[in-house]
Amino acid sequence: MKLLALMKKEFTRFFRDPRLIVSMILPGILIYIIYSVMGTAMTSEPAAYHFNVYVSGESAVVQTIEQTVELNEGWTVTFEQTDDADAARAEVETGEATALIVFSEGFDDMIGLAPRASIIPAAELVYNSEDSAISAFAAIADAVLDAYGRSFVLTTTDYAQSENFAAQMMAGILPFLIVVFVFSSCMSVTLESVAGEKERGTLATILVTSARRWDIALGKVLPLACVSLIGAASSFLGVALSMPALMGVSIDVAIGGIGFVDYLMLFLLIFSFVPLIVAAIAAVSTLSRSVKEASGYTSVIMILMMVLSIVTAFVDGIGGWVVAVPVLNAVSAMQGVLMGNMVVWQCIVSFALNIVYAGVLVFLIARMLSSERIMFGK
Amino acid sequence: MEKIMAPFADFGEEVVRAENLRKTFTLSRKQQRLDKTGQTHKIAVAGLSFSAYRGEIYGLLGPNGAGKTTTLRILSTLIRPDAGDAFVCGHSVSREAQKVRDQIGFMTSELKLEGFFTPAYLFDFFGALHGVEKETLAKRRKELFERFGIDRFAEVRIKDLSTGMLQKVSLVISIVHDPAVVIFDEPTNGLDVLTAKVVTDFLLELKAMGKSILLSTHIFSLVEKLCDRVGIIIDGRMAADGTLESVCAGSTLEDKFFEIYHAVKGETI
């Protein structure tokens with residue numbers, strides 16, 4: 001009852017103030033516009049592009065790939081039948097040909113029979129993603145093949161020296177950006193709600209009531225986490241929707257490789273570290289005497305988190321210990337999900353630990369609210 | 001719980017008891033400079049004891065820095081005593097703070113209301129925090145808002161209210177849960193004469209309803225008008241405590257206060 005009243009007050013404070021709502025949603029819109037413009041400027045594929053693709057074996061899926069590719073204005077594709085797969089591979093590796101698709105014998109007929117058949121049909125997609133247009137083609141072909149039928153083995157070979165640009169962008173940058181945007185939205189509401197109330201003396205008025213300190217702490221963190229999720233969702237959508245433009249592919253292609261379970265894991269990971277970040281900022285705000293002071297401390301935490309997130313994204317060989325580090329565990333797990341290497345235990349442990357850490361921080365906030373030195377120290 | 005009755009006619013059982021309360025604050029360097037002292041600690045309350053009974057108004061009278069506000073903050077559980085204890089309706093402020101908060105209504109200029117909300121919203125909000133039933137809350141809001149003329153401003157944001165109206169809103173919100181003990185720190189400070197009259201009249205009404213009221217002030221006339229008993233605090237110590245008649249002993253309160261002040265401090269104002 002008391003917890004509900006406290007939570008309702010925070011929600012009312014937010015939803016009755018149009019400025020706060022705009023400040024939560026605006027970043028997502030701005031991110032979408034800015035990144036889309038940046039993407040259009042950066043990805044300089046010619047409006048007209050011709051793909052030369054070798055095909056070994058036969059399948060009707062080739063027509064579907066052709067139709068899907070040619071949906072992009074100015075893009076055309078020619079499929080050339082070949083019996084010499086090795087020569088075709090060599091051309092693909094040097095970039096002379098766009099890709100090679102190898103189908104096993106009787107591919108289309110076998111798909112209907114599998115998995116009862118003794119021989120499982122197989123397809124192979126060979127490409128070199130160093131050219132971003134070829135990368136886009138490969139992503140389309142991969143998505144179409146993936147959707148064609150589940151009962152065959154699909155292998156992909158990428159001759160690119162560097163990792164796939166799109167996957168690298170998605171896996172490396174996106175979790176980092178999510179953390180930054182989540183932190184920003186958490187900061188904008190939490191500082192004002194906790195440090196602001198403490199500075200103005202309105203928090204002390206609540207402390208004289210019958211409400212327990214635990215309820216007061218939870219009554220701040222829970223609604224602020226919900227509100228921050230709105231801001232985080234806005235920013236996330238802004239990034240996710242502008243990512244295709246940034247990578248130069250269509251949205252279907254950009255998200256084609258991510259399935260329902262992956263999205264669920266991403267959501268759960270974000271869901272776990274939002275309350276954690278809110279609780280951390282609320283704890284710092286409770287300790288601080290003013291919004292200005294809290295803002296200073298929080299900025300330091302944000303910079304630290306940004307540096308560690310970017311390190312996690314681009315430094316290889318980070319051990320399993322990262323799962324114990326709050327927020328970074330989620331960043332690392334999200335990178336795995338986006339790269340298609342989801343480690344389920346890592347996602348679940350990260351989720352659980354972040355919730356536990358948030359709970360510990362709420363407990364600490366409740367203790368701080370009882371501390372005369374912290375609440376009323378001059 | 002053992003009932004201790006007032007040793008005076010017309011009053012009920014003891015509802016507030018302070019026992020040898022002590023409170024020391026650490027002085028910052030800035031505060032040391034302002035106070036022109038090299039001492040790192042300031043004794044705000046030095047072994048204060050007193051009692052307040054049902055149906056009386058007890059006044060803590062003293063100059064600035066005497067320890068009045070610190071004492072009231074201890075009683076309202078905002079801060080803890082370094083030594084000694086205080087009891088409100090039999091509950092210890094140190095060990096049963098939650099139960100004490102259920103019993104008290106505390107109003108001080110330090111406790112503020114959020115400017116974004118309206119009096120009606122905050123009344124309901126604080127009522128819910130005190131666990132007041134919705135129906136009771138609605139009835140009480142109607143009564144109190146009409147009594148103080150807040151009803152016309154019920155949906156005006158706090159930040160847009162006048163100082164007097166804000167004080168009235170703070171007052172009604174502090175007693176939203178109909179507490180047994182009402183603690184007011186300098187209740188008429190900064191108020192215009194009209195609002196001050198409304199507040200003092202209401203304190204007398206609360207007394208008539210059997211509530212115990214503790215207030216701190218440095219205004220002699222306020223004590224003479226309102227208080228049944230008075231405790232004179234100087235340098236954190238209780239210099240005199242009793243009914244107005246017994247403390248004044250035929251003098252005016254003002255004359256008696258300065259006489260006591262001179263005796264304690266050895267200074268003449």
# chains A, B, ... in the order shown; residues from 1 in each chain; ligands from 1
>>> select_by_dssp(residues="stretch 4-206 of chain B", states="alpha helix (DSSP H)", output="VMD selection string")
chain B and resid 29 to 35 68 to 75 97 to 103 119 to 129 134 to 148 163 to 174 193 to 206
>>> interface_residues(of="chain B", to="chain A", cutoff="7 Å", atoms="only C-alpha atoms", output="list in words")
Ser76, Leu78, Ile79, Gln98, Arg101, Asp102, Glu110, Leu111, Lys112, Leu113, Glu114, Phe125, Ala128, Leu129, His130 and Gly131 of chain B
>>> atom_distance(atom1="atom CA of A:Ala133", atom2="atom CA of A:Thr157")
16.4 Å
>>> residues_around(residues="stretch 133-144 of chain B", least_positions_apart="4", cutoff="8 Å", atoms="only C-alpha atoms", output="NGL selection string")
:B and (120 or 123-124 or 127-128 or 148 or 150-151 or 172 or 176)
>>> atom_distance(atom1="atom CA of A:Leu237", atom2="atom CA of A:Ile33")
11.6 Å
>>> closest_residue(among="B:Val247, B:Leu253, B:Val15, B:Met107", to="B:Val199", atoms="only C-alpha atoms")
B:Met107
